[in-house]
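Source file: structure24.cif; contents: mmCIF, C-alpha atoms and all ligand atoms.
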data_structure
#
loop_
_atom_site.label_atom_id
_atom_site.label_comp_id
_atom_site.auth_asym_id
_atom_site.auth_seq_id
_atom_site.Cartn_x
_atom_site.Cartn_y
_atom_site.Cartn_z
CA MET A 249 57.28 65.94 28.15
CA GLN A 250 59.94 64.86 30.55
CA LEU A 251 63.71 65.02 30.17
CA THR A 252 66.74 64.75 32.38
CA ILE A 253 69.26 67.56 32.79
CA ASP A 254 72.24 66.82 35.03
CA LYS A 255 70.39 63.88 36.60
CA ARG A 256 67.39 66.07 37.39
CA SER A 257 64.05 65.30 35.88
CA VAL A 258 62.51 68.42 34.31
CA VAL A 259 59.32 69.18 32.43
CA ALA A 260 59.33 70.88 29.03
CA ARG A 261 56.82 71.87 26.40
CA LYS A 262 57.10 70.86 22.76
CA GLY A 263 58.96 73.45 20.71
CA GLU A 264 61.14 74.67 23.56
CA TYR A 265 64.91 74.59 23.37
CA LEU A 266 67.21 72.97 25.91
CA LEU A 267 68.69 76.25 27.11
CA GLU A 268 65.38 77.83 28.10
CA VAL A 269 64.32 74.70 29.95
CA ALA A 270 67.64 74.53 31.80
CA GLN A 271 67.49 78.22 32.71
CA ARG A 272 63.95 77.91 33.95
CA ASN A 273 65.09 75.13 36.27
CA GLY A 274 68.03 77.10 37.56
CA ILE A 275 70.61 75.01 35.73
CA GLU A 276 73.35 77.26 34.46
CA ILE A 277 74.66 76.99 30.93
CA PRO A 278 76.96 79.76 29.71
CA ALA A 279 75.60 81.54 26.65
CA LEU A 280 76.84 84.58 24.80
CA CYS A 281 74.73 84.93 21.68
CA HIS A 282 71.41 84.12 23.30
CA HIS A 283 68.74 86.58 24.38
CA PRO A 284 65.08 85.69 24.94
CA ALA A 285 64.01 88.72 22.92
CA VAL A 286 65.38 87.32 19.67
CA GLU A 287 65.36 83.96 17.95
CA PRO A 288 68.19 81.61 18.95
CA TRP A 289 71.11 81.69 16.58
CA GLY A 290 73.80 79.24 17.64
CA GLY A 291 76.65 81.59 16.84
CA CYS A 292 78.96 81.50 19.85
CA ARG A 293 78.94 77.73 20.50
CA LEU A 294 79.49 78.30 24.18
CA CYS A 295 76.26 76.67 25.28
CA MET A 296 77.43 73.21 24.20
CA VAL A 297 76.00 70.30 26.18
CA GLU A 298 76.26 66.56 25.81
CA ILE A 299 73.10 64.63 25.06
CA THR A 300 71.99 61.04 24.78
CA HIS A 301 68.78 59.07 24.75
CA PRO A 302 67.80 55.57 25.93
CA ASP A 303 66.96 54.70 22.28
CA TRP A 304 70.34 55.80 20.93
CA LYS A 305 72.21 52.62 21.81
CA GLY A 306 74.90 54.44 23.74
CA TRP A 307 75.49 57.21 21.17
CA THR A 308 76.05 60.66 22.56
CA GLY A 309 76.25 64.02 20.87
CA LEU A 310 77.48 67.53 21.52
CA VAL A 311 74.90 70.17 20.64
CA THR A 312 74.20 73.85 21.22
CA ALA A 313 71.61 74.00 24.00
CA CYS A 314 70.16 77.26 22.67
CA LEU A 315 69.18 75.62 19.38
CA TYR A 316 68.42 72.03 20.33
CA PRO A 317 64.68 71.29 20.56
CA VAL A 318 63.54 69.30 23.58
CA GLN A 319 62.65 65.68 23.11
CA ASP A 320 60.94 63.26 25.47
CA GLY A 321 63.38 61.12 27.42
CA LEU A 322 66.47 63.12 26.41
CA ILE A 323 69.36 62.93 28.85
CA VAL A 324 71.38 66.13 28.99
CA SER A 325 74.69 66.68 30.77
CA THR A 326 75.96 70.21 31.09
CA ASP A 327 79.17 69.49 32.94
CA THR A 328 81.09 66.59 31.38
CA LYS A 329 84.75 66.50 30.42
CA LYS A 330 83.89 66.81 26.73
CA VAL A 331 81.61 69.78 27.36
CA HIS A 332 84.33 71.42 29.36
CA GLN A 333 86.82 70.85 26.57
CA VAL A 334 84.74 72.33 23.76
CA ARG A 335 83.74 75.32 25.81
CA ALA A 336 87.36 75.92 26.77
CA GLY A 337 88.24 75.70 23.06
CA VAL A 338 85.64 78.33 22.19
CA LEU A 339 86.82 80.61 24.96
CA ASP A 340 90.46 80.18 23.97
CA LEU A 341 89.56 81.42 20.49
CA LEU A 342 87.37 84.22 21.78
CA LEU A 343 90.16 85.35 24.05
CA ALA A 344 92.49 85.54 21.06
CA ARG A 345 89.86 87.60 19.28
CA CYS A 346 89.00 89.91 22.19
CA PRO A 347 91.82 89.81 24.74
CA GLY A 348 90.57 93.05 26.28
CA SER A 349 87.06 91.91 27.11
CA SER A 350 86.58 91.37 30.82
CA LEU A 351 83.50 89.27 30.15
CA ILE A 352 85.54 86.85 28.03
CA GLN A 353 88.47 86.96 30.43
CA ASN A 354 86.22 85.98 33.33
CA LEU A 355 84.49 83.21 31.41
CA ALA A 356 87.82 81.86 30.18
CA ARG A 357 89.19 81.86 33.71
CA GLN A 358 86.25 79.72 34.80
CA TYR A 359 87.46 77.19 32.24
CA GLY A 360 91.03 77.37 33.40
CA ILE A 361 92.32 79.73 30.71
CA GLU A 362 94.35 82.71 31.84
CA GLU A 363 95.89 83.48 28.49
CA THR A 364 94.97 82.44 24.98
CA SER A 365 97.07 79.72 23.37
CA PHE A 366 96.60 81.43 19.99
CA THR A 367 98.15 84.63 18.70
CA PRO A 368 95.92 87.45 19.87
CA ARG A 369 94.36 89.57 17.15
CA LYS A 370 96.17 92.77 16.29
CA ALA A 371 94.32 95.96 17.21
CA PRO A 372 91.43 94.02 18.73
CA ASP A 373 88.05 95.56 19.43
CA LEU A 374 85.47 94.07 21.81
CA CYS A 375 83.17 92.48 19.23
CA ILE A 376 82.76 88.71 19.59
CA LEU A 377 80.43 88.54 16.55
CA CYS A 378 77.54 87.13 18.56
CA GLY A 379 75.11 88.94 16.27
CA LEU A 380 72.79 90.08 19.05
CA CYS A 381 72.96 93.71 17.90
CA ILE A 382 72.06 92.79 14.34
CA ARG A 383 69.18 90.62 15.45
CA ILE A 384 67.74 93.13 17.90
CA CYS A 385 67.99 95.91 15.30
CA GLU A 386 66.03 93.72 12.91
CA LYS A 387 63.56 92.83 15.66
CA ILE A 388 62.71 96.44 16.44
CA GLY A 389 62.17 96.93 12.71
CA ALA A 390 65.15 99.06 11.76
CA SER A 391 67.67 96.61 10.23
CA ALA A 392 70.30 99.34 10.11
CA ILE A 393 73.32 97.15 10.82
CA SER A 394 74.57 93.88 9.48
CA SER A 395 77.63 91.69 9.37
CA ILE A 396 80.08 92.61 6.65
CA GLY A 397 82.81 90.49 5.12
CA ARG A 398 83.81 86.91 5.87
CA GLY A 399 86.19 84.92 7.95
CA VAL A 400 88.78 86.91 9.83
CA GLU A 401 87.52 90.09 8.19
CA LYS A 402 83.96 89.71 9.35
CA LEU A 403 82.61 92.65 11.33
CA VAL A 404 79.38 94.33 12.30
CA SER A 405 78.73 97.69 10.74
CA VAL A 406 76.43 99.95 8.77
CA PRO A 407 76.36 99.71 4.97
CA TYR A 408 79.81 100.38 3.44
CA GLU A 409 81.22 100.88 6.93
CA THR A 410 80.52 104.58 6.73
CA VAL A 411 77.73 106.45 8.50
CA ALA A 412 74.41 104.95 9.60
CA THR A 413 71.76 105.34 6.92
CA ALA A 414 68.24 106.65 7.52
CA ALA A 415 67.30 103.13 8.63
CA CYS A 416 69.04 103.75 11.97
CA VAL A 417 66.79 105.50 14.47
CA GLY A 418 69.47 106.05 17.09
CA CYS A 419 67.67 104.05 19.78
CA LEU A 420 70.85 102.47 21.21
CA SER A 421 69.23 99.01 21.37
CA CYS A 422 72.30 97.51 19.67
CA ALA A 423 74.69 99.09 22.14
CA ASN A 424 72.54 98.15 25.11
CA ILE A 425 72.19 94.49 24.19
CA CYS A 426 75.88 93.98 23.32
CA PRO A 427 77.31 91.66 25.98
CA THR A 428 80.84 93.07 25.72
CA GLY A 429 80.04 96.75 25.27
CA ALA A 430 81.63 96.81 21.84
CA ILE A 431 79.32 99.37 20.28
CA ALA A 432 80.37 102.91 21.05
CA PHE A 433 77.99 105.81 21.37
CA SER A 434 78.05 109.16 23.06
CA GLU A 435 75.51 111.64 24.27
CA SER A 436 76.00 115.30 24.96
CA GLU A 437 73.60 118.09 25.83
CA HIS A 438 71.97 118.21 22.41
CA CYS A 439 73.32 115.32 20.43
CA ARG A 440 73.57 111.55 20.46
CA THR A 441 76.14 109.88 18.24
CA ILE A 442 76.12 106.24 17.23
CA TRP A 443 77.48 104.52 14.13
CA SER A 444 79.12 107.86 13.23
CA ARG A 445 75.75 109.52 12.84
CA ASN A 446 74.56 112.44 14.93
CA PHE A 447 71.02 112.52 16.23
CA GLU A 448 69.12 115.38 17.78
CA LEU A 449 67.64 114.69 21.20
CA VAL A 450 64.00 115.04 22.12
CA ARG A 451 63.38 116.10 25.68
CA CYS A 452 60.32 115.74 27.90
CA GLU A 453 58.03 118.70 27.26
CA GLU A 454 57.86 119.39 31.00
CA CYS A 455 61.09 118.50 32.77
CA LYS A 456 63.46 118.37 29.78
CA ALA A 457 64.75 114.88 30.54
CA VAL A 458 65.99 113.11 27.41
CA ILE A 459 63.35 110.74 26.02
CA GLY A 460 64.90 109.74 22.71
CA THR A 461 65.75 110.87 19.22
CA PRO A 462 63.04 112.23 16.85
CA GLU A 463 63.61 109.27 14.53
CA GLN A 464 63.34 106.80 17.40
CA LEU A 465 60.07 108.19 18.77
CA GLU A 466 58.63 108.43 15.26
CA HIS A 467 59.65 104.83 14.58
CA PHE A 468 58.23 103.43 17.82
CA ALA A 469 55.00 105.37 17.37
CA ARG A 470 54.59 103.98 13.87
CA ARG A 471 55.43 100.39 14.73
CA SER A 472 53.10 100.35 17.74
CA GLY A 473 50.21 102.07 15.98
CA LEU A 474 50.08 104.69 18.73
CA ASP A 475 49.82 108.37 17.95
CA ARG A 476 53.09 110.31 18.06
CA SER A 477 51.56 112.43 20.86
CA TYR A 478 51.97 109.46 23.20
CA PHE A 479 55.73 109.89 22.95
CA THR A 480 56.24 113.41 24.23
CA LYS A 481 56.81 113.30 27.98
CA CYS A 482 58.69 111.28 30.54
CA ASP A 483 56.99 108.91 32.96
CA SER A 484 57.38 111.12 36.04
CA CYS A 485 55.73 114.17 34.48
CA ARG A 486 52.92 112.10 33.00
CA ASN A 487 52.38 110.42 36.35
CA ARG A 488 52.02 113.68 38.21
CA GLU A 489 49.68 115.13 35.56
CA ALA A 490 47.53 112.01 35.54
CA ALA A 491 47.19 112.15 39.33
CA ALA A 492 45.94 115.72 39.11
CA ARG A 493 43.48 114.68 36.43
CA PHE A 494 42.16 111.80 38.54
CA VAL A 495 41.54 114.18 41.39
CA ARG A 496 39.64 116.52 39.11
CA VAL A 497 37.33 113.79 37.84
CA THR A 498 36.74 112.05 41.18
CA PHE A 499 36.26 114.87 43.67
CA MET B 163 37.61 88.72 41.01
CA LYS B 164 39.33 91.03 43.44
CA GLN B 165 40.33 94.45 42.17
CA LEU B 166 42.51 97.23 43.42
CA PHE B 167 40.22 100.16 44.25
CA VAL B 168 41.38 103.74 44.63
CA THR B 169 39.18 106.18 46.56
CA PRO B 170 41.06 109.47 46.27
CA ASN B 171 39.06 111.41 48.83
CA ARG B 172 40.29 109.06 51.57
CA CYS B 173 43.95 109.47 50.64
CA THR B 174 46.12 111.52 52.97
CA ALA B 175 49.26 111.21 50.81
CA CYS B 176 51.03 109.53 53.73
CA ARG B 177 52.98 107.48 51.18
CA ASN B 178 52.78 104.25 53.17
CA CYS B 179 51.81 102.56 49.92
CA GLU B 180 54.98 103.76 48.21
CA VAL B 181 57.18 102.42 50.99
CA ALA B 182 55.38 99.07 51.07
CA CYS B 183 55.70 98.80 47.29
CA SER B 184 59.41 99.59 47.33
CA PHE B 185 60.01 96.95 49.93
CA VAL B 186 58.27 94.06 48.25
CA HIS B 187 59.85 94.79 44.89
CA THR B 188 63.48 94.65 45.85
CA SER B 189 65.71 91.68 46.33
CA ASP B 190 68.23 93.70 48.34
CA PRO B 191 66.96 95.37 51.53
CA THR B 192 69.61 98.09 51.24
CA VAL B 193 68.33 99.15 47.82
CA LEU B 194 64.73 100.25 47.76
CA ALA B 195 62.97 99.57 44.48
CA PHE B 196 61.28 102.37 42.57
CA PRO B 197 57.70 102.46 43.86
CA ARG B 198 55.12 101.43 41.29
CA VAL B 199 52.47 103.43 43.14
CA ARG B 200 52.87 107.15 43.71
CA ALA B 201 50.98 109.30 46.21
CA TYR B 202 50.44 113.00 45.57
CA ALA B 203 49.22 115.94 47.60
CA ILE B 204 47.51 117.82 44.79
CA SER B 205 46.22 120.74 46.84
CA GLU B 206 45.13 121.30 50.40
CA ASN B 207 42.88 118.34 51.32
CA THR B 208 43.04 116.79 47.89
CA ASN B 209 45.39 113.87 47.62
CA THR B 210 45.47 110.83 45.46
CA VAL B 211 47.55 107.89 44.43
CA ASN B 212 48.33 106.98 40.87
CA LEU B 213 49.13 103.46 39.82
CA CYS B 214 48.87 101.19 36.83
CA LEU B 215 45.35 100.73 35.49
CA GLN B 216 46.23 97.41 33.83
CA CYS B 217 44.67 98.76 30.59
CA ASP B 218 43.10 96.18 28.29
CA ASP B 219 44.61 97.87 25.25
CA ALA B 220 47.77 98.98 26.99
CA ALA B 221 50.03 101.52 25.29
CA CYS B 222 53.10 100.07 27.04
CA LYS B 223 52.37 96.63 25.63
CA LYS B 224 51.85 98.04 22.15
CA SER B 225 55.05 100.05 22.25
CA CYS B 226 57.20 97.11 23.35
CA PRO B 227 59.19 95.76 20.40
CA VAL B 228 59.99 92.43 22.03
CA GLU B 229 56.65 91.38 23.54
CA ALA B 230 58.08 91.67 27.03
CA LEU B 231 54.76 92.74 28.57
CA VAL B 232 52.62 89.72 29.29
CA TRP B 233 49.30 89.19 30.99
CA ASN B 234 49.17 87.18 34.17
CA ALA B 235 45.91 85.31 33.77
CA LYS B 236 45.69 84.60 37.48
CA THR B 237 45.90 88.19 38.73
CA GLY B 238 44.88 90.13 35.64
CA ALA B 239 48.07 92.16 35.85
CA LEU B 240 50.24 93.06 32.90
CA GLU B 241 53.75 92.04 33.90
CA VAL B 242 57.21 92.74 32.53
CA ASP B 243 59.24 89.73 31.53
CA LEU B 244 62.60 91.11 32.59
CA GLY B 245 64.49 88.37 30.78
CA ARG B 246 63.03 89.47 27.46
CA CYS B 247 63.07 93.21 28.13
CA ILE B 248 65.85 95.04 26.30
CA ARG B 249 65.54 98.24 28.38
CA CYS B 250 64.58 100.38 25.37
CA LEU B 251 62.34 102.37 27.75
CA MET B 252 59.71 103.01 25.09
CA CYS B 253 56.96 101.69 27.35
CA THR B 254 57.86 104.29 29.97
CA ILE B 255 57.40 107.06 27.41
CA ALA B 256 54.27 105.57 25.83
CA CYS B 257 52.12 105.09 28.95
CA PRO B 258 49.73 108.07 29.00
CA PHE B 259 49.54 107.87 32.79
CA GLY B 260 53.26 107.54 33.44
CA ASN B 261 52.75 104.34 35.35
CA ILE B 262 55.64 102.31 34.04
CA HIS B 263 59.08 103.42 35.11
CA PHE B 264 62.73 102.62 34.67
CA ASP B 265 64.48 101.89 37.95
CA LYS B 266 68.08 103.01 37.48
CA ARG B 267 69.24 101.40 40.70
CA THR B 268 68.03 97.94 39.82
CA ASN B 269 68.24 98.34 36.03
CA GLU B 270 64.69 97.05 35.82
CA ILE B 271 61.42 98.26 34.39
CA ALA B 272 59.19 98.99 37.37
CA LYS B 273 55.54 98.31 36.83
CA CYS B 274 52.67 97.33 39.12
CA ASP B 275 52.22 93.55 39.06
CA LEU B 276 49.55 93.51 41.77
CA CYS B 277 52.14 91.69 43.91
CA GLN B 278 51.04 88.38 42.39
CA GLY B 279 47.55 88.90 43.75
CA ASP B 280 48.28 90.34 47.18
CA PRO B 281 49.07 94.06 46.72
CA ALA B 282 51.24 95.39 49.55
CA CYS B 283 50.11 98.99 48.97
CA ALA B 284 46.52 98.14 49.85
CA LYS B 285 47.56 96.23 52.95
CA PHE B 286 49.45 99.24 54.28
CA CYS B 287 46.98 101.96 53.35
CA PRO B 288 45.62 103.11 56.71
CA THR B 289 42.64 105.00 55.27
CA LEU B 290 41.23 102.48 52.78
CA ALA B 291 42.07 104.83 49.92
CA LEU B 292 43.65 101.77 48.38
CA GLU B 293 41.95 98.43 48.87
CA TYR B 294 42.08 95.09 47.21
CA ALA B 295 38.59 93.67 47.35
CA GLU B 296 35.54 92.58 45.40
CA LYS B 297 34.05 96.06 45.85
CA PRO B 298 35.08 99.23 47.69
CA SER B 299 34.12 99.32 51.36
CA PRO B 300 32.08 102.14 52.89
CA ASP B 301 33.94 105.17 54.27
CA PRO B 302 35.35 104.47 57.71
CA LYS B 303 33.62 106.33 60.54
CA PRO B 304 35.59 109.15 62.21
CA GLY B 305 38.03 107.63 64.66
CA GLU B 306 37.75 104.18 63.13
CA VAL B 307 41.26 102.91 62.44
CA LYS B 308 42.15 100.09 60.14
CA PRO B 309 44.57 97.69 61.81
CA LEU B 310 47.77 97.52 59.79
CA PRO B 311 50.07 94.55 59.38
CA PRO B 312 53.49 94.68 61.09
CA ILE B 313 55.81 97.47 59.97
CA PRO B 314 56.98 97.43 56.37
CA TRP B 315 60.34 95.87 57.25
CA MET B 316 58.46 92.67 57.82
CA LEU B 317 57.25 92.87 54.25
CA PHE B 318 60.66 92.31 52.84
CA THR B 319 60.64 88.91 51.24
CA GLY B 320 63.29 89.31 48.60
CA LYS B 321 61.25 86.98 46.48
CA GLN B 322 59.43 89.14 44.00
CA SER B 323 62.22 90.88 42.21
CA ARG B 324 63.77 88.74 39.55
S1 LIG C 1 61.73 98.73 28.13
FE1 LIG C 1 61.43 96.51 28.04
S2 LIG C 1 59.23 96.20 28.48
FE2 LIG C 1 59.53 98.37 27.97
S3 LIG C 1 59.09 98.52 25.75
FE3 LIG C 1 61.34 98.23 25.96
S4 LIG C 1 61.66 96.03 25.85
FE4 LIG C 1 59.46 96.34 26.22
S1 LIG C 2 74.20 80.72 23.15
FE1 LIG C 2 74.03 78.90 22.06
S2 LIG C 2 75.52 79.16 20.50
FE2 LIG C 2 75.60 81.08 21.55
#
Could I get this structure in the form of structure tokens?
Ligand code: SF4
Ligand code: FES
Amino acid sequence: MQLTIDKRSVVARKGEYLLEVAQRNGIEIPALCHHPAVEPWGGCRLCMVEITHPDWKGWTGLVTACLYPVQDGLIVSTDTKKVHQVRAGVLDLLLARCPGSSLIQNLARQYGIEETSFTPRKAPDLCILCGLCIRICEKIGASAISSIGRGVEKLVSVPYETVATAACVGCLSCANICPTGAIAFSESEHCRTIWSRNFELVRCEECKAVIGTPEQLEHFARRSGLDRSYFTKCDSCRNREAAARFVRVTF
Amino acid sequence: MKQLFVTPNRCTACRNCEVACSFVHTSDPTVLAFPRVRAYAISENTNTVNLCLQCDDAACKKSCPVEALVWNAKTGALEVDLGRCIRCLMCTIACPFGNIHFDKRTNEIAKCDLCQGDPACAKFCPTLALEYAEKPSPDPKPGEVKPLPPIPWMLFTGKQSR
């Protein structure tokens, strides 16, 4: 099907969402809670665009591009005054929530906001509640974290806000996907700590480079159906060994 | 269909292939990409390269929790969708041949994509140890030299890395 984004005619397949089509065509729409690895969620409301259609008798609407399914003949504008206003509103609020986040500061600046017009949160952390960590944790099959509480008290944590349960495999996927770097973790010689839980570290059998936690490797072996013995060495050591093996079988 | 053939006993471990690979897989000429093909001098007079076998039942693909490894029907290569990839690095641990890497400098998973059907490594292999063809060619005669394309700098296109 054919639609128009910012006066450009673009092709889309049924079932796609506006944001992916725009991105594929190099049209930029800011998005904070979107990642292609997980289902769209519509949480941050930053990807707002204005839409209309020849059949709509002049009606227009503001929708989240990440969640709006493509439709033949749709006319999308990503840079109107209204769009600018709602996005600025979202960023004003986010800046009150996370005044210390450079990502939010930079985005807000692009929309003309240097300082929030609201009262900044007291003792703010960097979490913008985009839910990416929760969704990626679920996606990898661990579901160790979730959102807790409601309204101004809402936060992302492990059950009872204590220490990660056995569900957490210590893979750091949540921390790595977080757009603002809100999830703290640390790694020392023998120990990785995330969500207040300590994990042992498994090292490559040859070179001793860190390859994960025992729980993580166990989990990924199980979910992929591969034997645990696949997850014992780093890529460089395996590569060298395999080369030697090739030589043995071919010469 | 053309395939990438490796004939280890022709390899001199000159590492031309590695350089060519690094060049075509970077978008910044000052930062070389991690080579997807590696050349090794195993012992005196035994050298080989090691690169992705594009396994049908690939361990990397199975280990990926977000289906970021996808087949390119045109080239037959298994490619990483870097937009989907969450950098969990499990594919790099799972591959039994160590042929999928994490490139710290570019923050990308580095895996052979057969250069979209025109592998640079084969073009720059002077000894035909690597060739992209329907079938492997006969051993070159002593003194017979394969003409190489212009020096690797010319390879830099800045197009392939996303
Ligand atoms: S590093 Fe990327 S491609 Fe590799 S398994 Fe993880 S998500 Fe998949
Ligand atoms: S990216 Fe669409 S609402 Fe967050």
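Take the candidates A:Pro462, A:Gly389, A:Gly379, A:Gly290 and check each one against chain B using only C-alpha atoms; the shortest distance goes to A:Gly389.
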Give one line per residue of chain A that approaches ligand LIG 2 (chain C) to at most 10 Å, naming the two atoms of the closest pair and their distance in Å to one decimal, counting only C-alpha atoms and all ligand atoms; sort by chain then ascending residue number and deliver it as JSON lines.
{"residue": "A:Leu266", "atom": "CA", "partner": "C:LIG2", "partner_atom": "FE1", "distance": 9.8}
{"residue": "A:Leu267", "atom": "CA", "partner": "C:LIG2", "partner_atom": "FE1", "distance": 7.8}
{"residue": "A:Ile277", "atom": "CA", "partner": "C:LIG2", "partner_atom": "S1", "distance": 8.6}
{"residue": "A:Pro278", "atom": "CA", "partner": "C:LIG2", "partner_atom": "S1", "distance": 7.2}
{"residue": "A:Ala279", "atom": "CA", "partner": "C:LIG2", "partner_atom": "S1", "distance": 3.9}
{"residue": "A:Leu280", "atom": "CA", "partner": "C:LIG2", "partner_atom": "FE2", "distance": 4.9}
{"residue": "A:Cys281", "atom": "CA", "partner": "C:LIG2", "partner_atom": "FE2", "distance": 3.9}
{"residue": "A:His282", "atom": "CA", "partner": "C:LIG2", "partner_atom": "S1", "distance": 4.4}
{"residue": "A:His283", "atom": "CA", "partner": "C:LIG2", "partner_atom": "S1", "distance": 8.1}
{"residue": "A:Pro288", "atom": "CA", "partner": "C:LIG2", "partner_atom": "FE1", "distance": 7.1}
{"residue": "A:Trp289", "atom": "CA", "partner": "C:LIG2", "partner_atom": "S2", "distance": 6.4}
{"residue": "A:Gly290", "atom": "CA", "partner": "C:LIG2", "partner_atom": "S2", "distance": 3.3}
{"residue": "A:Gly291", "atom": "CA", "partner": "C:LIG2", "partner_atom": "S2", "distance": 4.5}
{"residue": "A:Cys292", "atom": "CA", "partner": "C:LIG2", "partner_atom": "FE2", "distance": 3.8}
{"residue": "A:Arg293", "atom": "CA", "partner": "C:LIG2", "partner_atom": "S2", "distance": 3.7}
{"residue": "A:Leu294", "atom": "CA", "partner": "C:LIG2", "partner_atom": "FE2", "distance": 5.5}
{"residue": "A:Cys295", "atom": "CA", "partner": "C:LIG2", "partner_atom": "FE1", "distance": 4.5}
{"residue": "A:Met296", "atom": "CA", "partner": "C:LIG2", "partner_atom": "FE1", "distance": 7.0}
{"residue": "A:Val297", "atom": "CA", "partner": "C:LIG2", "partner_atom": "FE1", "distance": 9.7}
{"residue": "A:Val311", "atom": "CA", "partner": "C:LIG2", "partner_atom": "FE1", "distance": 8.9}
{"residue": "A:Thr312", "atom": "CA", "partner": "C:LIG2", "partner_atom": "FE1", "distance": 5.1}
{"residue": "A:Ala313", "atom": "CA", "partner": "C:LIG2", "partner_atom": "FE1", "distance": 5.8}
{"residue": "A:Cys314", "atom": "CA", "partner": "C:LIG2", "partner_atom": "FE1", "distance": 4.2}
{"residue": "A:Leu315", "atom": "CA", "partner": "C:LIG2", "partner_atom": "FE1", "distance": 6.4}
{"residue": "A:Tyr316", "atom": "CA", "partner": "C:LIG2", "partner_atom": "FE1", "distance": 9.0}
{"residue": "A:Cys378", "atom": "CA", "partner": "C:LIG2", "partner_atom": "FE2", "distance": 7.0}
{"residue": "A:Gly379", "atom": "CA", "partner": "C:LIG2", "partner_atom": "FE2", "distance": 9.5}
{"residue": "A:Leu380", "atom": "CA", "partner": "C:LIG2", "partner_atom": "FE2", "distance": 9.8}
Export, as a CSV table (one decimal), in the coordinates of the input, the selected residues with C-alpha atoms.
chain,number,residue,atom,x,y,z
A,266,LEU,CA,67.2,73.0,25.9
A,267,LEU,CA,68.7,76.2,27.1
A,277,ILE,CA,74.7,77.0,30.9
A,278,PRO,CA,77.0,79.8,29.7
A,279,ALA,CA,75.6,81.5,26.6
A,280,LEU,CA,76.8,84.6,24.8
A,281,CYS,CA,74.7,84.9,21.7
A,282,HIS,CA,71.4,84.1,23.3
A,283,HIS,CA,68.7,86.6,24.4
A,288,PRO,CA,68.2,81.6,19.0
A,289,TRP,CA,71.1,81.7,16.6
A,290,GLY,CA,73.8,79.2,17.6
A,291,GLY,CA,76.6,81.6,16.8
A,292,CYS,CA,79.0,81.5,19.8
A,293,ARG,CA,78.9,77.7,20.5
A,294,LEU,CA,79.5,78.3,24.2
A,295,CYS,CA,76.3,76.7,25.3
A,296,MET,CA,77.4,73.2,24.2
A,297,VAL,CA,76.0,70.3,26.2
A,311,VAL,CA,74.9,70.2,20.6
A,312,THR,CA,74.2,73.8,21.2
A,313,ALA,CA,71.6,74.0,24.0
A,314,CYS,CA,70.2,77.3,22.7
A,315,LEU,CA,69.2,75.6,19.4
A,316,TYR,CA,68.4,72.0,20.3
A,378,CYS,CA,77.5,87.1,18.6
A,379,GLY,CA,75.1,88.9,16.3
A,380,LEU,CA,72.8,90.1,19.0
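Separating CA of Leu292 in chain B from CA of Cys176 in chain B is a distance of 12.0 Å.
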Check your understanding: Which of these residues is nearest to ligand LIG 1 (chain C), using only C-alpha atoms and all ligand atoms: A:Glu362, A:Glu489, A:Glu453, A:Asp483?
Key -> A:Asp483
Check your understanding: Taking all atoms listed in the file into account, which residues are within 12 Å of ligand LIG 1 (chain C), as a PyMOL selection string?
Key -> (chain A and resi 283-286+384+387-388+419-421+424-425+465+468-469+471-472+483) or (chain B and resi 220-232+240-257+261-265+269-273)
Practice item. Would you mind reading off the distance between CA of Ile204 in chain B and CA of Val168 in chain B, one decimal, in Å? Key: 15.4 Å
Check your understanding: For Gln278 in chain B, which residue out of B:Leu310, B:Ala239, B:Val193, B:Ala291 is the nearest one, using all atoms listed in the file?
Key -> B:Ala239
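Interatomic distance, CA of Ile459 in chain A against CA of Leu374 in chain A: 28.0 Å.
If all atoms listed in the file are the atoms counted, then among A:Lys370, A:Arg486, A:Arg357, A:Arg256 the closest residue to chain B is A:Arg486.
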Practice item. Go through A:Ser325, A:Asn487, A:Ser365, A:Asn446 one by one, measure the shortest atom-to-atom distance of each to Val338 in chain A using all atoms listed in the file, and give the residue with the smallest value. Key: A:Ser365
Practice item. Excluding Asn178 in chain B and residues on its chain fewer than 4 positions from it, collect all residues at most 8 Å away from it, counting all atoms listed in the file, and give them as a ChimeraX atom specification. Key: /B:182,283,286-287
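Taking all atoms listed in the file into account, those protein, DNA and RNA residues with any atom at most 12 Å away from (55.1, 118.7, 28.9) amount to Val450, Arg451, Cys452, Glu453, Glu454, Cys455, Lys456, Ala457, Ile459, Ser477, Tyr478, Phe479, Thr480, Lys481, Cys482, Asp483, Ser484, Cys485, Arg486, Asn487, Arg488 and Glu489 of chain A; Ile255 and Pro258 of chain B.
Remark: for chain B, the closest of the candidate residues A:Val406, A:Cys439, A:Ala390, A:Val411 is A:Ala390 (distances computed over all atoms listed in the file).
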Review point. Can you find the residues with an atom no farther than 9 Å from (91.7, 84.1, 21.1), counting only C-alpha atoms, and report them as a PyMOL selection string?
Key: chain A and resi 338-347+363-369
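Every protein, DNA or RNA residue with an atom at most 12 Å from Lys329 in chain A, where all atoms listed in the file count and chain neighbours fewer than 6 positions away do not, is listed here: Met296, Val297, Glu298, Leu310, Arg335, Ala336 and Tyr359 of chain A.
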